[in-house]
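Here's the structure, in structure tokens; my notes come after.
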Amino acid sequence: MKLYYFPPSPNTRKAHAVAIHLELPLELHLVNLQQGEQRSPEFLALNPTGRTPALQDGDFALWESTAIMQYFASQVPNSLWSEDAKIRADIVRWQSWELAHWTPACQPLQYENFVKQVLQLGDPDLAVVHQAVERFHKEAIALDNHLAEHKFLVNDTLTLADFSVASALTYAVPAHFPLDHYPHIRAWYGRMEQLPAWQKTTPQG
Ligand SMILES: N[C@@H](CCC(=O)N[C@@H](CS)C(=O)NCC(=O)O)C(=O)O
């Protein structure tokens, strides 16, 4: 299987980390987003939305990180993607929340406080940051309350849901995510950081 990826991207990270955790052999192909390679005709033929990650398995092409994670977890027996219908629905619930609410709440902070600095795009827009912080708290409260009662998001076991939700926190420290009041999120993320697959996919400065 070939994974078209951009290592600094949290969406790449969640898919790549799952493949490493499951010890799936992958051929890695860099798509340099900073050089616009996602808009090349070759890449658009694979993913017409022009985003990473994307997967090619023989003549089967797949894009969207969550679909790729689920496809990876369908390749070998594992506990990340349970066969139990209710547990699986719970995993999909958290993955859906991550895509619809959590990542959109984290991204403005990541952009204003971190990406702008790295790419020298100017100072953070404080009005955007203020709004983003409010939006972040709304989602973080729900996540922290859940993690107060659970070691991992679903079934107290590491699942795809943890990889999805953790990916959005990749730049939490340099992007100054307001996590001080969320001890359970910090403890759970600490558990994710113990995983060799998470360590191996830490973006290099
Ligand atoms: N919902 C998509 C989001 C993918 C995405 O936005 N990828 C970003 C990198 S984190 C990207 O490739 N951006 C390039 C662009 O928009 O030009 C997924 O989960 O795969």
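Going through the structure tokens in order, the chains are called A, B, and so on, while each chain numbers its residues from 1 and the ligands are numbered from 1 in the order shown.
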Within 9 Å of Phe177 in chain A using only C-alpha atoms, minus same-chain residues under 5 positions, as a CSV table (one decimal) with all heavy atoms, in the first residue's frame:
chain,number,residue,atom,x,y,z
A,106,CYS,N,-9.8,23.3,17.0
A,106,CYS,CA,-8.4,23.4,17.3
A,106,CYS,C,-7.6,24.2,16.2
A,106,CYS,O,-6.6,24.9,16.4
A,106,CYS,CB,-7.8,22.0,17.4
A,106,CYS,SG,-8.3,21.1,18.8
A,109,LEU,N,-6.6,28.0,16.3
A,109,LEU,CA,-5.5,28.3,17.3
A,109,LEU,C,-4.2,27.9,16.7
A,109,LEU,O,-3.2,28.5,16.8
A,109,LEU,CB,-5.8,27.6,18.6
A,109,LEU,CG,-6.9,28.2,19.4
A,109,LEU,CD1,-7.2,27.3,20.6
A,109,LEU,CD2,-6.6,29.6,19.9
A,110,GLN,N,-4.2,26.7,16.1
A,110,GLN,CA,-3.0,26.2,15.5
A,110,GLN,C,-2.5,27.1,14.4
A,110,GLN,O,-1.3,27.4,14.3
A,110,GLN,CB,-3.4,24.8,14.8
A,110,GLN,CG,-2.2,24.1,14.2
A,110,GLN,CD,-2.6,22.7,13.7
A,110,GLN,OE1,-3.1,21.9,14.4
A,110,GLN,NE2,-2.4,22.5,12.4
A,113,ASN,N,-1.6,30.9,16.2
A,113,ASN,CA,-0.5,30.9,17.2
A,113,ASN,C,0.7,30.1,16.7
A,113,ASN,O,1.8,30.3,17.4
A,113,ASN,CB,-1.0,30.3,18.5
A,113,ASN,CG,-2.0,31.2,19.2
A,113,ASN,OD1,-2.0,32.4,18.9
A,113,ASN,ND2,-2.8,30.6,20.1
A,133,VAL,N,-10.6,30.5,21.1
A,133,VAL,CA,-10.5,30.0,22.5
A,133,VAL,C,-11.9,29.6,23.1
A,133,VAL,O,-12.0,28.6,23.7
A,133,VAL,CB,-9.8,31.1,23.4
A,133,VAL,CG1,-10.0,30.7,24.9
A,133,VAL,CG2,-8.3,31.1,23.1
A,136,PHE,N,-12.9,26.5,21.4
A,136,PHE,CA,-12.1,25.4,21.9
A,136,PHE,C,-12.7,24.9,23.3
A,136,PHE,O,-12.8,23.7,23.5
A,136,PHE,CB,-10.6,25.8,22.1
A,136,PHE,CG,-9.7,24.8,22.6
A,136,PHE,CD1,-9.2,23.8,21.8
A,136,PHE,CD2,-9.5,24.6,24.0
A,136,PHE,CE1,-8.3,22.8,22.3
A,136,PHE,CE2,-8.7,23.6,24.5
A,136,PHE,CZ,-8.1,22.7,23.6
A,169,LEU,N,-4.3,17.5,18.6
A,169,LEU,CA,-3.5,18.1,19.7
A,169,LEU,C,-2.0,18.1,19.4
A,169,LEU,O,-1.2,18.5,20.3
A,169,LEU,CB,-3.8,17.4,21.0
A,169,LEU,CG,-5.2,17.6,21.6
A,169,LEU,CD1,-5.4,16.8,22.8
A,169,LEU,CD2,-5.5,19.1,21.8
A,171,TYR,N,-0.1,20.0,17.9
A,171,TYR,CA,0.6,21.3,18.1
A,171,TYR,C,0.0,22.1,19.3
A,171,TYR,O,0.2,23.3,19.4
A,171,TYR,CB,0.5,22.2,16.8
A,171,TYR,CG,1.2,21.5,15.6
A,171,TYR,CD1,0.5,20.9,14.6
A,171,TYR,CD2,2.6,21.5,15.6
A,171,TYR,CE1,1.2,20.3,13.5
A,171,TYR,CE2,3.3,20.9,14.5
A,171,TYR,CZ,2.5,20.3,13.5
A,171,TYR,OH,3.2,19.7,12.5
A,172,ALA,N,-0.6,21.3,20.2
A,172,ALA,CA,-1.2,22.0,21.4
A,172,ALA,C,-0.2,22.9,22.1
A,172,ALA,O,-0.6,24.0,22.6
A,172,ALA,CB,-1.8,21.0,22.3
Give the residue list for ligand 1 at 8 Å, counting only C-alpha atoms and all ligand atoms, as a ChimeraX atom specification, sorted by chain and then by residue number.
/A:6,8-12,33,36,38-39,50-54,63-66,99
Please write the residues from the selection above to a file, keeping N, CA, C and O atoms, as a PDB file, in the first residue's frame.
ATOM      1  N   PHE A   6       2.082  14.000   4.201  1.00  0.00           N
ATOM      2  CA  PHE A   6       2.849  15.206   4.514  1.00  0.00           C
ATOM      3  C   PHE A   6       3.055  15.158   6.034  1.00  0.00           C
ATOM      4  O   PHE A   6       2.130  15.434   6.804  1.00  0.00           O
ATOM      5  N   PRO A   8       4.153  16.841   8.615  1.00  0.00           N
ATOM      6  CA  PRO A   8       3.718  17.808   9.636  1.00  0.00           C
ATOM      7  C   PRO A   8       2.198  17.854   9.834  1.00  0.00           C
ATOM      8  O   PRO A   8       1.728  18.478  10.790  1.00  0.00           O
ATOM      9  N   SER A   9       1.435  17.238   8.944  1.00  0.00           N
ATOM     10  CA  SER A   9      -0.023  17.373   8.989  1.00  0.00           C
ATOM     11  C   SER A   9      -0.666  16.421   9.997  1.00  0.00           C
ATOM     12  O   SER A   9      -0.425  15.212   9.957  1.00  0.00           O
ATOM     13  N   PRO A  10      -1.492  16.945  10.905  1.00  0.00           N
ATOM     14  CA  PRO A  10      -2.191  16.068  11.855  1.00  0.00           C
ATOM     15  C   PRO A  10      -3.073  15.021  11.167  1.00  0.00           C
ATOM     16  O   PRO A  10      -3.236  13.920  11.683  1.00  0.00           O
ATOM     17  N   ASN A  11      -3.618  15.350  10.004  1.00  0.00           N
ATOM     18  CA  ASN A  11      -4.450  14.358   9.306  1.00  0.00           C
ATOM     19  C   ASN A  11      -3.603  13.217   8.769  1.00  0.00           C
ATOM     20  O   ASN A  11      -4.014  12.057   8.792  1.00  0.00           O
ATOM     21  N   THR A  12      -2.413  13.538   8.293  1.00  0.00           N
ATOM     22  CA  THR A  12      -1.476  12.476   7.912  1.00  0.00           C
ATOM     23  C   THR A  12      -1.117  11.653   9.137  1.00  0.00           C
ATOM     24  O   THR A  12      -1.083  10.427   9.104  1.00  0.00           O
ATOM     25  N   LEU A  33       3.143  19.940   0.702  1.00  0.00           N
ATOM     26  CA  LEU A  33       2.045  20.916   0.613  1.00  0.00           C
ATOM     27  C   LEU A  33       2.578  22.330   0.481  1.00  0.00           C
ATOM     28  O   LEU A  33       1.943  23.183  -0.144  1.00  0.00           O
ATOM     29  N   GLY A  36       3.007  23.065  -3.013  1.00  0.00           N
ATOM     30  CA  GLY A  36       1.806  22.948  -3.841  1.00  0.00           C
ATOM     31  C   GLY A  36       1.669  21.618  -4.575  1.00  0.00           C
ATOM     32  O   GLY A  36       0.886  21.510  -5.526  1.00  0.00           O
ATOM     33  N   GLN A  38       0.140  19.063  -3.848  1.00  0.00           N
ATOM     34  CA  GLN A  38      -1.218  18.498  -3.770  1.00  0.00           C
ATOM     35  C   GLN A  38      -2.084  18.927  -4.950  1.00  0.00           C
ATOM     36  O   GLN A  38      -3.158  18.381  -5.169  1.00  0.00           O
ATOM     37  N   ARG A  39      -1.611  19.930  -5.696  1.00  0.00           N
ATOM     38  CA  ARG A  39      -2.390  20.392  -6.862  1.00  0.00           C
ATOM     39  C   ARG A  39      -1.809  19.893  -8.184  1.00  0.00           C
ATOM     40  O   ARG A  39      -2.225  20.311  -9.252  1.00  0.00           O
ATOM     41  N   GLY A  50      -7.449  17.244  -3.576  1.00  0.00           N
ATOM     42  CA  GLY A  50      -6.134  17.860  -3.403  1.00  0.00           C
ATOM     43  C   GLY A  50      -5.681  17.959  -1.958  1.00  0.00           C
ATOM     44  O   GLY A  50      -5.111  18.975  -1.563  1.00  0.00           O
ATOM     45  N   ARG A  51      -5.932  16.900  -1.191  1.00  0.00           N
ATOM     46  CA  ARG A  51      -5.518  16.929   0.217  1.00  0.00           C
ATOM     47  C   ARG A  51      -4.806  15.626   0.591  1.00  0.00           C
ATOM     48  O   ARG A  51      -5.083  14.572   0.006  1.00  0.00           O
ATOM     49  N   THR A  52      -3.952  15.754   1.595  1.00  0.00           N
ATOM     50  CA  THR A  52      -3.309  14.565   2.168  1.00  0.00           C
ATOM     51  C   THR A  52      -3.988  14.233   3.496  1.00  0.00           C
ATOM     52  O   THR A  52      -4.511  15.151   4.138  1.00  0.00           O
ATOM     53  N   PRO A  53      -3.962  12.953   3.915  1.00  0.00           N
ATOM     54  CA  PRO A  53      -3.333  11.818   3.262  1.00  0.00           C
ATOM     55  C   PRO A  53      -4.213  11.213   2.170  1.00  0.00           C
ATOM     56  O   PRO A  53      -5.418  11.464   2.124  1.00  0.00           O
ATOM     57  N   ALA A  54      -3.561  10.406   1.315  1.00  0.00           N
ATOM     58  CA  ALA A  54      -4.294   9.605   0.328  1.00  0.00           C
ATOM     59  C   ALA A  54      -3.594   8.254   0.243  1.00  0.00           C
ATOM     60  O   ALA A  54      -2.391   8.152   0.495  1.00  0.00           O
ATOM     61  N   TRP A  63      -9.164   8.346  -0.052  1.00  0.00           N
ATOM     62  CA  TRP A  63      -8.764   9.576   0.628  1.00  0.00           C
ATOM     63  C   TRP A  63      -9.730   9.855   1.750  1.00  0.00           C
ATOM     64  O   TRP A  63     -10.768   9.212   1.844  1.00  0.00           O
ATOM     65  N   GLU A  64      -9.411  10.804   2.575  1.00  0.00           N
ATOM     66  CA  GLU A  64     -10.028  11.095   3.880  1.00  0.00           C
ATOM     67  C   GLU A  64      -9.369  10.199   4.938  1.00  0.00           C
ATOM     68  O   GLU A  64      -9.451   8.969   4.902  1.00  0.00           O
ATOM     69  N   SER A  65      -8.724  10.880   5.883  1.00  0.00           N
ATOM     70  CA  SER A  65      -7.917  10.170   6.878  1.00  0.00           C
ATOM     71  C   SER A  65      -8.711   9.123   7.658  1.00  0.00           C
ATOM     72  O   SER A  65      -8.198   8.033   7.937  1.00  0.00           O
ATOM     73  N   THR A  66      -9.958   9.435   8.002  1.00  0.00           N
ATOM     74  CA  THR A  66     -10.739   8.486   8.812  1.00  0.00           C
ATOM     75  C   THR A  66     -11.004   7.203   8.030  1.00  0.00           C
ATOM     76  O   THR A  66     -10.879   6.095   8.571  1.00  0.00           O
ATOM     77  N   LEU A  99     -13.882  15.167  13.329  1.00  0.00           N
ATOM     78  CA  LEU A  99     -13.892  15.842  12.020  1.00  0.00           C
ATOM     79  C   LEU A  99     -14.822  17.058  12.017  1.00  0.00           C
ATOM     80  O   LEU A  99     -14.493  18.092  11.450  1.00  0.00           O
TER      81      LEU A  99
END
For CA of Ala67 in chain A and CA of Lys151 in chain A, quote the distance in Å rounded to one decimal.
24.6 Å
Show which residues sit within 12 Å of Trp97 in chain A, as a list in words. Count only C-alpha atoms, and ignore same-chain residues fewer than 3 positions away.
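The neighbour list is Thr66, Asp90, Ile91, Val92, Arg93, Trp94, Ala100, His101, Trp102, Thr103, Pro104, Ala105, Glu139, Ala140, Ala142, Leu143, Leu153, Ala161, Asp162, Ser164, Val165 and Ala168 of chain A.
Of the residues listed (A:Gly122, A:Ala19, A:Ala45, A:Met1), A:Ala19 shows the shortest atom-to-atom separation from Trp198 in chain A; distances use only C-alpha atoms.
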Excluding Gln204 in chain A and any residue of its chain fewer than 3 positions from it, enumerate the residues within 10 Å of it, using only C-alpha atoms, and give them as a VMD selection string.
chain A and resid 7 to 8 200 to 201
Tell me which protein, DNA and RNA residues are within 8 Å of Leu22 in chain A, counting only C-alpha atoms, leaving out same-chain ones fewer than 5 positions away, and put them as a PyMOL selection string.
chain A and resi 73+76+78
Selection file, N, CA and C atoms, as a PDB file, in the first residue's frame:
ATOM      1  N   ALA A  73      -7.160  -0.591   9.585  1.00  0.00           N
ATOM      2  CA  ALA A  73      -7.523  -1.456  10.719  1.00  0.00           C
ATOM      3  C   ALA A  73      -8.341  -2.667  10.283  1.00  0.00           C
ATOM      4  N   VAL A  76      -5.786  -6.368   9.376  1.00  0.00           N
ATOM      5  CA  VAL A  76      -5.231  -7.371  10.307  1.00  0.00           C
ATOM      6  C   VAL A  76      -6.095  -7.381  11.572  1.00  0.00           C
ATOM      7  N   ASN A  78      -7.121  -6.807  15.215  1.00  0.00           N
ATOM      8  CA  ASN A  78      -6.588  -5.842  16.185  1.00  0.00           C
ATOM      9  C   ASN A  78      -7.734  -5.330  17.054  1.00  0.00           C
TER      10      ASN A  78
END
From a DSSP calculation on the backbone, collect every residue of range 89-126 of chain A in helix (DSSP H, G or I) and output the set as a ChimeraX atom specification.
/A:89-118,126
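For Gln199 in chain A, the set of protein, DNA and RNA residues having any atom at most 10 Å away, when counting only C-alpha atoms and skipping those fewer than 6 positions along the same chain, is Ala17, Met192 and Glu193 of chain A.
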Counting only C-alpha atoms, what is within 9 Å of Pro183 in chain A, bar same-chain residues fewer than 5 positions away, as a list in words?
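Neighbouring residues, sequence-local ones excluded: Asp144, Ala148 and Trp188 of chain A.
The coordinates place CA of Ala61 in chain A at 6.3 Å from CA of Leu46 in chain A.
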Enumerate the residues of range 7-201 of chain A with a DSSP assignment of strand (DSSP E or B), computed from the backbone, and present them as an NGL selection string.
:A and (27-30 or 54-57 or 60-63 or 154 or 157)
What gap, in Å, lies between CA of Leu3 in chain A and CA of Ile68 in chain A?
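Pair CA of Leu3 in chain A / CA of Ile68 in chain A returns 9.3 Å.
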Top pick for closest residue to Asn155 in chain A, considering A:Tyr182, A:Phe60, A:Tyr189, A:Trp81 and counting only C-alpha atoms:
A:Trp81
Pick from A:His176, A:Asn145, A:Val18, A:Phe163: nearest to Val129 in chain A, with only C-alpha atoms counted?
A:His176
